[in-house]
Amino acid sequence: MTINLHDITGQESGIILVEMDDGRHMNVVSNWGANDGLPYLFEPILEPFSFVFLQPEDVRVETERIHSGTLNDEIAHDGLEDWNPLNDDLDSDEPCDVYPLSNGWIVVAPKEWN
């Protein structure tokens, strides 16, 4: 199955809560546009951090857990540094839709973003 976040959310950008090895989540603000797959951060030798979109094996949206909420209630508050290059306000009470993935990641689509 191909994961396409634009098709799932109807938006071109949002936040992905990436589950780290220790079980905590890091907020990753991403423009996923029409890219297939999930964004992974990598550090090239001569450039700053950037994304590469990879298609994970057997990852699906857990449709029974999709819900609406507010951004400040849905983002991770685990003390990890956010990947938020444009300094978007992640602590706002903006409404959002939340799409849990079967790999432990969570896609948060703020309704005012695009």
# chains A, B, ... in the order shown; residues from 1 in each chain; ligands from 1
call {"tool": "select_by_dssp", "arguments": {"residues": "chain A", "states": "alpha helix (DSSP H)", "output": "ChimeraX atom specification"}}
result
/A:5-9,71-74
call {"tool": "write_last_selection", "arguments": {"atoms": "all heavy atoms", "output": "PDB file, in the first residue's frame"}}
result
ATOM      1  N   LEU A   5       0.270  11.384   2.070  1.00  0.00           N
ATOM      2  CA  LEU A   5      -0.344  12.204   3.116  1.00  0.00           C
ATOM      3  C   LEU A   5      -1.296  13.249   2.546  1.00  0.00           C
ATOM      4  O   LEU A   5      -2.274  13.608   3.196  1.00  0.00           O
ATOM      5  CB  LEU A   5       0.732  12.846   3.985  1.00  0.00           C
ATOM      6  CG  LEU A   5       1.603  11.848   4.755  1.00  0.00           C
ATOM      7  CD1 LEU A   5       2.675  12.587   5.540  1.00  0.00           C
ATOM      8  CD2 LEU A   5       0.767  10.973   5.674  1.00  0.00           C
ATOM      9  N   HIS A   6      -1.033  13.739   1.338  1.00  0.00           N
ATOM     10  CA  HIS A   6      -1.954  14.685   0.710  1.00  0.00           C
ATOM     11  C   HIS A   6      -3.296  14.008   0.448  1.00  0.00           C
ATOM     12  O   HIS A   6      -4.355  14.577   0.714  1.00  0.00           O
ATOM     13  CB  HIS A   6      -1.364  15.235  -0.586  1.00  0.00           C
ATOM     14  CG  HIS A   6      -2.241  16.253  -1.241  1.00  0.00           C
ATOM     15  ND1 HIS A   6      -3.127  15.926  -2.235  1.00  0.00           N
ATOM     16  CD2 HIS A   6      -2.365  17.584  -1.038  1.00  0.00           C
ATOM     17  CE1 HIS A   6      -3.771  17.010  -2.616  1.00  0.00           C
ATOM     18  NE2 HIS A   6      -3.328  18.034  -1.908  1.00  0.00           N
ATOM     19  N   ASP A   7      -3.261  12.793  -0.066  1.00  0.00           N
ATOM     20  CA  ASP A   7      -4.510  12.058  -0.316  1.00  0.00           C
ATOM     21  C   ASP A   7      -5.253  11.764   0.982  1.00  0.00           C
ATOM     22  O   ASP A   7      -6.481  11.819   1.032  1.00  0.00           O
ATOM     23  CB  ASP A   7      -4.231  10.743  -1.044  1.00  0.00           C
ATOM     24  CG  ASP A   7      -3.775  10.956  -2.476  1.00  0.00           C
ATOM     25  OD1 ASP A   7      -3.889  12.090  -2.995  1.00  0.00           O
ATOM     26  OD2 ASP A   7      -3.297   9.972  -3.082  1.00  0.00           O
ATOM     27  N   ILE A   8      -4.532  11.450   2.038  1.00  0.00           N
ATOM     28  CA  ILE A   8      -5.155  11.106   3.317  1.00  0.00           C
ATOM     29  C   ILE A   8      -5.772  12.320   3.982  1.00  0.00           C
ATOM     30  O   ILE A   8      -6.908  12.277   4.455  1.00  0.00           O
ATOM     31  CB  ILE A   8      -4.111  10.459   4.259  1.00  0.00           C
ATOM     32  CG1 ILE A   8      -3.701   9.090   3.711  1.00  0.00           C
ATOM     33  CG2 ILE A   8      -4.648  10.340   5.679  1.00  0.00           C
ATOM     34  CD1 ILE A   8      -2.472   8.508   4.395  1.00  0.00           C
ATOM     35  N   THR A   9      -5.038  13.437   4.020  1.00  0.00           N
ATOM     36  CA  THR A   9      -5.472  14.609   4.782  1.00  0.00           C
ATOM     37  C   THR A   9      -6.185  15.663   3.944  1.00  0.00           C
ATOM     38  O   THR A   9      -6.876  16.514   4.490  1.00  0.00           O
ATOM     39  CB  THR A   9      -4.268  15.304   5.456  1.00  0.00           C
ATOM     40  OG1 THR A   9      -3.404  15.826   4.427  1.00  0.00           O
ATOM     41  CG2 THR A   9      -3.507  14.353   6.356  1.00  0.00           C
ATOM     42  N   LEU A  71      -4.672  21.760  18.058  1.00  0.00           N
ATOM     43  CA  LEU A  71      -3.253  21.558  17.821  1.00  0.00           C
ATOM     44  C   LEU A  71      -2.469  21.389  19.124  1.00  0.00           C
ATOM     45  O   LEU A  71      -1.705  20.438  19.279  1.00  0.00           O
ATOM     46  CB  LEU A  71      -2.701  22.722  16.999  1.00  0.00           C
ATOM     47  CG  LEU A  71      -1.300  22.587  16.455  1.00  0.00           C
ATOM     48  CD1 LEU A  71      -1.147  21.323  15.634  1.00  0.00           C
ATOM     49  CD2 LEU A  71      -0.943  23.801  15.628  1.00  0.00           C
ATOM     50  N   ASN A  72      -2.681  22.282  20.098  1.00  0.00           N
ATOM     51  CA  ASN A  72      -1.886  22.216  21.327  1.00  0.00           C
ATOM     52  C   ASN A  72      -2.198  20.970  22.153  1.00  0.00           C
ATOM     53  O   ASN A  72      -1.388  20.559  22.971  1.00  0.00           O
ATOM     54  CB  ASN A  72      -2.028  23.477  22.170  1.00  0.00           C
ATOM     55  CG  ASN A  72      -3.451  23.793  22.531  1.00  0.00           C
ATOM     56  OD1 ASN A  72      -4.379  23.080  22.161  1.00  0.00           O
ATOM     57  ND2 ASN A  72      -3.644  24.878  23.252  1.00  0.00           N
ATOM     58  N   ASP A  73      -3.332  20.325  21.928  1.00  0.00           N
ATOM     59  CA  ASP A  73      -3.637  19.078  22.626  1.00  0.00           C
ATOM     60  C   ASP A  73      -3.085  17.854  21.903  1.00  0.00           C
ATOM     61  O   ASP A  73      -2.936  16.798  22.501  1.00  0.00           O
ATOM     62  CB  ASP A  73      -5.154  18.900  22.778  1.00  0.00           C
ATOM     63  CG  ASP A  73      -5.751  19.857  23.791  1.00  0.00           C
ATOM     64  OD1 ASP A  73      -5.018  20.322  24.692  1.00  0.00           O
ATOM     65  OD2 ASP A  73      -6.952  20.150  23.679  1.00  0.00           O
ATOM     66  N   GLU A  74      -2.803  17.982  20.616  1.00  0.00           N
ATOM     67  CA  GLU A  74      -2.426  16.821  19.807  1.00  0.00           C
ATOM     68  C   GLU A  74      -0.935  16.701  19.533  1.00  0.00           C
ATOM     69  O   GLU A  74      -0.460  15.619  19.226  1.00  0.00           O
ATOM     70  CB  GLU A  74      -3.182  16.840  18.468  1.00  0.00           C
ATOM     71  CG  GLU A  74      -4.691  16.797  18.619  1.00  0.00           C
ATOM     72  CD  GLU A  74      -5.216  15.513  19.256  1.00  0.00           C
ATOM     73  OE1 GLU A  74      -4.497  14.487  19.268  1.00  0.00           O
ATOM     74  OE2 GLU A  74      -6.348  15.525  19.751  1.00  0.00           O
TER      75      GLU A  74
END
call {"tool": "residues_around", "arguments": {"residues": "Ser30 of chain A", "least_positions_apart": "3", "cutoff": "7 Å", "atoms": "only C-alpha atoms", "output": "PyMOL selection string"}}
result
chain A and resi 13-15
call {"tool": "closest_residue", "arguments": {"among": "A:Thr2, A:Asn35, A:Gln11, A:Asn27", "to": "His77 of chain A", "atoms": "only C-alpha atoms"}}
result
A:Asn27
call {"tool": "atom_distance", "arguments": {"atom1": "atom CA of Ala76 of chain A", "atom2": "atom CA of Glu62 of chain A"}}
result
18.5 Å
call {"tool": "atom_distance", "arguments": {"atom1": "atom CA of Cys96 of chain A", "atom2": "atom CA of Ile75 of chain A"}}
result
10.3 Å
call {"tool": "residues_around", "arguments": {"residues": "Asp78 of chain A", "least_positions_apart": "6", "cutoff": "10 Å", "atoms": "only C-alpha atoms", "output": "list in words"}}
result
Gly23, Arg24, His25, Met26 and Asn27 of chain A
call {"tool": "closest_residue", "arguments": {"among": "A:Ile3, A:Asp89, A:Tyr99, A:Val28", "to": "Gln55 of chain A", "atoms": "only C-alpha atoms"}}
result
A:Ile3
call {"tool": "residues_around", "arguments": {"residues": "Asp58 of chain A", "least_positions_apart": "5", "cutoff": "12 Å", "atoms": "only C-alpha atoms", "output": "ChimeraX atom specification"}}
result
/A:1-3,37,101-103
